[in-house]
file model-v5.txt (compact mmCIF, C-alpha atoms)
# COMPACT_ATOMS: atom_id res chain seq x y z
CA MET A 1 105.74 -89.68 70.72
CA LYS A 2 103.89 -88.99 67.50
CA ILE A 3 102.89 -91.66 65.05
CA ALA A 4 101.22 -91.08 61.70
CA GLY A 5 98.90 -92.77 59.23
CA ILE A 6 98.78 -91.60 55.61
CA GLN A 7 95.71 -92.11 53.42
CA PHE A 8 95.28 -90.81 49.89
CA ALA A 9 93.43 -91.43 46.65
CA CYS A 10 95.35 -93.44 44.06
CA SER A 11 95.36 -92.83 40.32
CA PRO A 12 96.23 -95.48 37.70
CA ASP A 13 99.71 -93.90 37.50
CA ARG A 14 102.04 -95.47 40.08
CA GLU A 15 104.72 -92.78 39.70
CA ARG A 16 102.17 -90.06 40.32
CA ASN A 17 100.97 -91.95 43.40
CA ASN A 18 104.55 -92.19 44.68
CA GLU A 19 104.96 -88.43 44.27
CA LYS A 20 101.79 -87.76 46.26
CA ALA A 21 102.86 -90.24 48.94
CA LEU A 22 106.23 -88.51 49.29
CA GLN A 23 104.55 -85.14 49.69
CA LEU A 24 102.39 -86.49 52.49
CA LEU A 25 105.38 -88.25 54.03
CA ALA A 26 107.15 -84.88 54.16
CA VAL A 27 104.22 -83.50 56.18
CA ALA A 28 104.49 -86.35 58.68
CA LEU A 29 108.24 -85.85 58.97
CA ARG A 30 107.83 -82.10 59.58
CA GLU A 31 105.52 -83.02 62.45
CA ASP A 32 108.27 -85.32 63.79
CA ALA A 33 106.25 -88.50 63.49
CA LYS A 34 108.47 -91.43 64.46
CA LEU A 35 106.39 -94.32 63.07
CA ILE A 36 104.56 -93.69 59.79
CA CYS A 37 102.19 -96.16 58.12
CA PHE A 38 100.59 -95.97 54.67
CA GLN A 39 97.38 -97.58 53.41
CA GLU A 40 97.14 -101.10 51.98
CA LEU A 41 98.79 -101.46 48.50
CA PHE A 42 99.67 -97.83 48.95
CA ASN A 43 100.74 -96.76 45.44
CA LEU A 44 98.39 -98.75 43.20
CA PRO A 45 94.71 -98.52 42.33
CA TRP A 46 92.70 -101.34 43.84
CA PHE A 47 93.36 -103.94 41.13
CA PRO A 48 91.96 -106.89 43.16
CA LYS A 49 88.47 -105.61 42.31
CA ASP A 50 88.52 -108.31 39.63
CA ARG A 51 90.81 -111.00 38.19
CA ASP A 52 93.32 -109.67 35.71
CA GLU A 53 96.56 -111.47 34.85
CA ASP A 54 98.06 -108.22 33.56
CA ALA A 55 97.93 -106.65 37.03
CA ARG A 56 100.80 -108.88 38.17
CA GLN A 57 103.17 -106.68 36.18
CA PHE A 58 102.87 -104.09 38.96
CA ALA A 59 104.46 -106.36 41.58
CA GLU A 60 107.93 -105.47 42.84
CA LYS A 61 110.60 -106.76 45.16
CA ALA A 62 110.69 -105.90 48.84
CA ASP A 63 114.08 -104.25 48.27
CA GLY A 64 113.14 -102.70 44.92
CA GLN A 65 112.99 -99.20 43.50
CA THR A 66 110.03 -98.01 45.58
CA ILE A 67 111.63 -98.94 48.88
CA ARG A 68 114.91 -97.32 47.87
CA LEU A 69 113.05 -94.14 46.88
CA PHE A 70 111.36 -93.87 50.26
CA LYS A 71 114.53 -94.71 52.17
CA ASN A 72 116.25 -91.81 50.42
CA ASN A 73 113.49 -89.49 51.57
CA LEU A 74 114.06 -90.53 55.18
CA LYS A 75 117.70 -89.42 55.15
CA GLY A 76 118.52 -87.20 58.10
CA THR A 77 115.60 -88.52 60.18
CA ASP A 78 115.18 -91.34 62.67
CA SER A 79 111.65 -92.14 61.51
CA VAL A 80 110.45 -95.61 60.58
CA VAL A 81 107.99 -96.28 57.73
CA ILE A 82 105.53 -99.14 57.27
CA LEU A 83 104.94 -99.34 53.51
CA PRO A 84 102.37 -101.84 52.14
CA ILE A 85 103.29 -102.98 48.61
CA PHE A 86 102.43 -105.62 46.02
CA GLU A 87 105.43 -107.91 46.36
CA LYS A 88 106.86 -110.52 44.01
CA SER A 89 109.21 -113.04 45.60
CA GLY A 90 110.37 -115.84 43.36
CA LYS A 91 107.27 -117.16 41.61
CA LYS A 92 104.87 -116.02 44.31
CA TYR A 93 103.06 -112.75 45.01
CA TYR A 94 102.22 -111.28 48.40
CA ASN A 95 100.36 -108.41 50.02
CA THR A 96 103.38 -107.20 51.96
CA SER A 97 104.25 -104.43 54.41
CA VAL A 98 107.93 -103.46 54.44
CA ILE A 99 109.24 -101.83 57.63
CA PHE A 100 112.36 -99.68 57.24
CA ASN A 101 114.28 -96.55 58.15
CA SER A 102 116.71 -94.59 56.01
CA ASP A 103 119.47 -97.20 56.25
CA THR A 104 117.90 -100.56 57.00
CA THR A 105 114.98 -102.80 56.15
CA ILE A 106 113.88 -103.88 59.61
CA GLY A 107 111.63 -106.62 58.27
CA ILE A 108 108.56 -107.54 56.24
CA TYR A 109 105.06 -108.70 57.09
CA ARG A 110 103.03 -110.67 54.55
CA LYS A 111 99.26 -110.65 54.92
CA LEU A 112 98.12 -114.01 56.29
CA HIS A 113 94.37 -114.10 55.66
CA ILE A 114 93.58 -113.48 52.01
CA THR A 115 90.15 -112.09 51.24
CA ASP A 116 88.05 -113.75 48.54
CA ILE A 117 84.78 -111.88 48.13
CA PRO A 118 83.34 -109.83 45.25
CA LEU A 119 85.48 -106.74 44.53
CA TRP A 120 88.22 -108.09 46.82
CA GLU A 121 89.41 -110.99 44.64
CA GLU A 122 92.72 -111.21 46.47
CA LYS A 123 93.23 -114.97 46.34
CA PHE A 124 93.69 -114.66 42.58
CA TYR A 125 96.82 -112.55 43.22
CA PHE A 126 98.28 -113.22 46.64
CA SER A 127 99.69 -116.24 48.39
CA PRO A 128 99.07 -116.38 52.16
CA GLY A 129 101.95 -114.88 54.09
CA ASN A 130 104.81 -117.19 55.05
CA GLN A 131 106.60 -114.94 57.56
CA GLY A 132 104.37 -115.72 60.52
CA LEU A 133 103.61 -112.95 63.02
CA PRO A 134 106.86 -111.06 63.57
CA VAL A 135 107.33 -108.23 66.05
CA PHE A 136 109.68 -105.53 64.78
CA ARG A 137 112.01 -103.91 67.29
CA THR A 138 112.34 -100.33 66.12
CA PRO A 139 114.12 -97.40 67.82
CA HIS A 140 110.66 -96.16 68.81
CA GLY A 141 109.10 -99.30 70.21
CA ALA A 142 108.06 -102.82 69.35
CA ILE A 143 105.47 -102.90 66.59
CA GLY A 144 103.37 -105.42 64.71
CA VAL A 145 101.32 -105.30 61.52
CA GLN A 146 97.90 -106.79 60.86
CA ALA A 147 96.90 -106.06 57.27
CA SER A 148 93.19 -105.59 56.63
CA TRP A 149 91.39 -108.97 56.97
CA ASP A 150 94.03 -110.22 59.44
CA ASN A 151 92.49 -108.00 62.10
CA PHE A 152 89.38 -110.18 62.32
CA TYR A 153 91.39 -113.21 63.46
CA GLN A 154 92.11 -112.44 67.07
CA GLU A 155 94.80 -115.09 67.48
CA GLY A 156 97.18 -112.93 65.45
CA ILE A 157 97.13 -109.81 67.56
CA LYS A 158 97.26 -111.94 70.71
CA ILE A 159 100.49 -113.52 69.49
CA LEU A 160 101.93 -110.11 68.61
CA ARG A 161 101.19 -108.85 72.12
CA LEU A 162 102.63 -111.97 73.77
CA LYS A 163 105.79 -111.46 71.69
CA GLY A 164 106.11 -107.89 72.99
CA ALA A 165 104.30 -105.60 70.56
CA ASP A 166 103.18 -102.24 71.94
CA ILE A 167 101.73 -100.74 68.75
CA VAL A 168 99.93 -102.52 65.93
CA PHE A 169 99.43 -100.92 62.52
CA ALA A 170 96.47 -101.99 60.41
CA PRO A 171 96.69 -100.88 56.77
CA THR A 172 93.37 -101.48 55.02
CA ALA A 173 91.43 -100.93 51.78
CA CYS A 174 87.80 -100.77 52.85
CA ALA A 175 84.80 -99.30 51.10
CA PHE A 176 81.04 -98.93 51.59
CA LYS A 177 79.62 -98.76 55.12
CA SER A 178 82.02 -100.71 57.31
CA GLN A 179 83.58 -98.04 59.54
CA HIS A 180 81.53 -99.00 62.60
CA ILE A 181 82.69 -102.61 62.29
CA TRP A 182 86.35 -101.68 62.01
CA GLN A 183 86.27 -99.22 64.89
CA THR A 184 84.45 -101.70 67.12
CA VAL A 185 86.73 -104.65 66.31
CA LEU A 186 89.99 -102.74 66.61
CA SER A 187 88.94 -101.03 69.83
CA GLY A 188 88.12 -104.45 71.28
CA ASN A 189 91.47 -105.83 70.11
CA ALA A 190 93.29 -102.90 71.71
CA ILE A 191 91.50 -103.37 75.03
CA ALA A 192 91.89 -107.15 75.17
CA ASN A 193 95.59 -106.99 74.38
CA GLY A 194 96.74 -103.74 75.95
CA VAL A 195 98.13 -102.13 72.79
CA TYR A 196 97.73 -99.06 70.64
CA ILE A 197 96.25 -99.76 67.19
CA MET A 198 96.38 -97.42 64.22
CA ARG A 199 94.14 -98.25 61.27
CA VAL A 200 95.10 -96.57 57.97
CA ASN A 201 92.42 -96.89 55.31
CA ARG A 202 92.48 -96.17 51.59
CA VAL A 203 90.48 -93.20 50.32
CA GLY A 204 89.06 -92.15 46.95
CA SER A 205 86.50 -93.16 44.33
CA GLU A 206 87.82 -95.85 42.01
CA ALA A 207 86.26 -97.96 39.27
CA THR A 208 83.99 -100.06 41.49
CA GLN A 209 84.51 -98.88 45.06
CA ASP A 210 84.35 -95.69 47.06
CA PHE A 211 87.08 -96.02 49.69
CA TYR A 212 86.11 -93.93 52.67
CA GLY A 213 89.34 -93.28 54.60
CA MET A 214 88.28 -92.58 58.19
CA SER A 215 91.64 -93.69 59.55
CA PHE A 216 91.94 -93.69 63.33
CA CYS A 217 94.11 -94.62 66.30
CA VAL A 218 92.87 -96.14 69.55
CA ASN A 219 94.63 -96.52 72.87
CA PRO A 220 94.62 -99.65 75.09
CA GLU A 221 91.38 -98.49 76.70
CA GLY A 222 89.67 -98.37 73.32
CA GLU A 223 89.53 -94.58 73.21
CA LEU A 224 90.21 -92.59 70.06
CA VAL A 225 93.50 -90.71 70.33
CA GLY A 226 93.58 -89.76 66.65
CA GLY A 227 90.89 -89.43 64.01
CA PRO A 228 88.81 -90.61 62.49
CA THR A 229 89.96 -88.65 59.49
CA GLY A 230 87.65 -87.68 56.67
CA ARG A 231 87.35 -88.94 53.10
CA THR A 232 90.18 -86.91 51.55
CA ASP A 233 93.96 -87.18 51.40
CA SER A 234 95.12 -86.88 55.02
CA VAL A 235 97.97 -87.31 57.44
CA LEU A 236 96.59 -88.63 60.72
CA LEU A 237 98.75 -87.78 63.73
CA ALA A 238 98.38 -89.43 67.13
CA ASP A 239 100.30 -88.90 70.35
CA ILE A 240 101.07 -92.12 72.17
CA ASP A 241 102.66 -92.71 75.55
CA LEU A 242 104.38 -96.02 76.21
CA GLU A 243 104.52 -95.29 79.96
CA TYR A 244 100.74 -94.90 79.97
CA LEU A 245 100.60 -98.24 78.17
CA GLN A 246 102.34 -99.89 81.10
CA HIS A 247 99.95 -98.20 83.52
CA VAL A 248 96.91 -99.59 81.68
CA ARG A 249 98.41 -103.07 81.65
CA ARG A 250 98.79 -102.94 85.43
CA GLU A 251 95.21 -101.70 85.87
CA TRP A 252 93.82 -104.26 83.42
CA PRO A 253 96.09 -107.33 83.70
CA ILE A 254 94.06 -109.33 81.22
CA LEU A 255 96.92 -111.31 79.72
CA LYS A 256 98.15 -112.37 83.16
CA GLY A 257 94.86 -114.17 83.67
CA ARG A 258 95.16 -116.28 80.55
CA ARG A 259 94.73 -120.07 80.91
CA PRO A 260 96.22 -121.54 77.71
CA ALA A 261 95.45 -125.11 78.79
CA CYS A 262 91.75 -124.26 78.46
CA TYR A 263 92.07 -123.12 74.86
CA LYS A 264 93.34 -126.27 73.20
CA GLU A 265 90.13 -126.76 71.27
CA ILE A 266 90.92 -123.74 69.14
CA LEU A 267 93.66 -125.80 67.51
CA MET A 268 91.40 -128.72 66.75
CA GLU A 269 90.73 -128.06 63.08
CA ALA A 270 88.84 -131.34 62.73
CA LEU A 271 86.30 -130.06 65.27
CA TRP A 272 85.92 -126.81 63.33
CA GLU A 273 85.51 -128.62 60.02
CA LYS A 274 82.79 -130.87 61.48
CA ASP A 275 80.88 -127.92 62.94
CA ASN A 276 81.30 -125.92 59.73
CA ARG A 277 79.85 -128.70 57.59
CA SER A 278 76.78 -128.95 59.79
CA ALA A 279 76.17 -125.18 59.86

call {"tool": "encode", "arguments": {"input": "model-v5.txt", "output": "structure tokens"}}
result
Amino acid sequence: MKIAGIQFACSPDRERNNEKALQLLAVALREDAKLICFQELFNLPWFPKDRDEDARQFAEKADGQTIRLFKNNLKGTDSVVILPIFEKSGKKYYNTSVIFNSDTTIGIYRKLHITDIPLWEEKFYFSPGNQGLPVFRTPHGAIGVQASWDNFYQEGIKILRLKGADIVFAPTACAFKSQHIWQTVLSGNAIANGVYIMRVNRVGSEATQDFYGMSFCVNPEGELVGGPTGRTDSVLLADIDLEYLQHVRREWPILKGRRPACYKEILMEALWEKDNRSA
């Protein structure tokens, strides 16, 4: 089965970005990709580079015009899309990935760990996700999403695997020289949890950042099975085999050896706070 990751450079014009995204989506569909993931905040320039109240006007509903547009372009296919958007729900705003096919919204994932560093001023815009760590049962397998910073908190992907995920998509917006970190961390996550992981990274030079793309897919043995792509608009295709996934899990039965009773300290926030204050 083919899966795809779509990276492209965004302009300040959201409609123009949607048009480009649809053109690249058409390429993935012609290649018969069954699961297709876009980059983080896929159709907007990276507005969290600073704090700007006016940027909130770009937020939309999870069942809004953009989702309807992309659903219409999936008509006649059985493909599923993971589309990361800037969502407004009630009075709150989220960094959200919407998972859908042509007829149905399968579910949403809201980014849990909100970055707050220079040029990634996300806490000014986004509330932490309130949907937990759902696994989405699609016609092409059980999938999870770990948006950008979420991937560095290993509890999340562990929970996704324990709940049955076979493939995890990681939409990101990363710049500068961080590719080696991302490839190392995600390969380790894939090995430790027996899953495929596809990272889809933003590309293009914007006002303050040069997003480098380099999207990739790793198998449960940490090997590249797609990418890394380059620094231009790209459709990354990867062939995955769920039967092979089961074979690797038998050969490396890591999760079967878990001893949850030994890990209780990880939940002791008071212990962490004490150690953090003394660091």

call {"tool": "residues_around", "arguments": {"input": "model-v5.txt", "residues": "stretch 24-27 of chain A", "least_positions_apart": "3", "cutoff": "10 Å", "atoms": "only C-alpha atoms", "output": "list in words"}}
result
Ala4, Gly5, Ile6, Gln7, Phe8, Asn18, Glu19, Lys20, Ala21, Arg30, Glu31, Asp32, Ala33, Ile36, Cys37, Phe38, Phe70, Asn73, Leu74, Val81, Asp233, Ser234 and Val235 of chain A

call {"tool": "closest_residue", "arguments": {"input": "model-v5.txt", "among": "A:Lys49, A:Lys163, A:Arg249, A:Arg16", "to": "A:Val195", "atoms": "only C-alpha atoms"}}
result
A:Arg249

call {"tool": "atom_distance", "arguments": {"input": "model-v5.txt", "atom1": "atom CA of A:Val225", "atom2": "atom CA of A:Leu41"}}
result
24.9 Å

call {"tool": "residues_around", "arguments": {"input": "model-v5.txt", "residues": "stretch 93-106 of chain A", "least_positions_apart": "5", "cutoff": "8 Å", "atoms": "all atoms listed in the file", "output": "MDAnalysis selection string"}}
result
chainID A and resid 41 59 62 70:88 111 125:129 136:138 145

call {"tool": "residues_around", "arguments": {"input": "model-v5.txt", "residues": "A:Phe124", "least_positions_apart": "4", "cutoff": "9 Å", "atoms": "all atoms listed in the file", "output": "short mmCIF file (atom, residue, chain, number, x, y, z; two decimals) with C-alpha atoms, keeping the file's coordinate frame"}}
result
data_model
loop_
_atom_site.label_atom_id
_atom_site.label_comp_id
_atom_site.auth_asym_id
_atom_site.auth_seq_id
_atom_site.Cartn_x
_atom_site.Cartn_y
_atom_site.Cartn_z
CA PRO A 48 91.96 -106.89 43.16
CA ASP A 50 88.52 -108.31 39.63
CA ARG A 51 90.81 -111.00 38.19
CA ASP A 52 93.32 -109.67 35.71
CA GLU A 53 96.56 -111.47 34.85
CA ASP A 116 88.05 -113.75 48.54
#

call {"tool": "closest_residue", "arguments": {"input": "model-v5.txt", "among": "A:Val218, A:Trp46, A:Ile157, A:Leu267", "to": "A:Ala175", "atoms": "only C-alpha atoms"}}
result
A:Trp46

call {"tool": "residues_around", "arguments": {"input": "model-v5.txt", "residues": "A:Trp252", "least_positions_apart": "4", "cutoff": "9 Å", "atoms": "all atoms listed in the file", "output": "PyMOL selection string"}}
result
chain A and resi 191-192+194+247-248

call {"tool": "closest_residue", "arguments": {"input": "model-v5.txt", "among": "A:Leu133, A:Val185, A:Ala142, A:Leu255", "to": "A:Gly222", "atoms": "only C-alpha atoms"}}
result
A:Val185
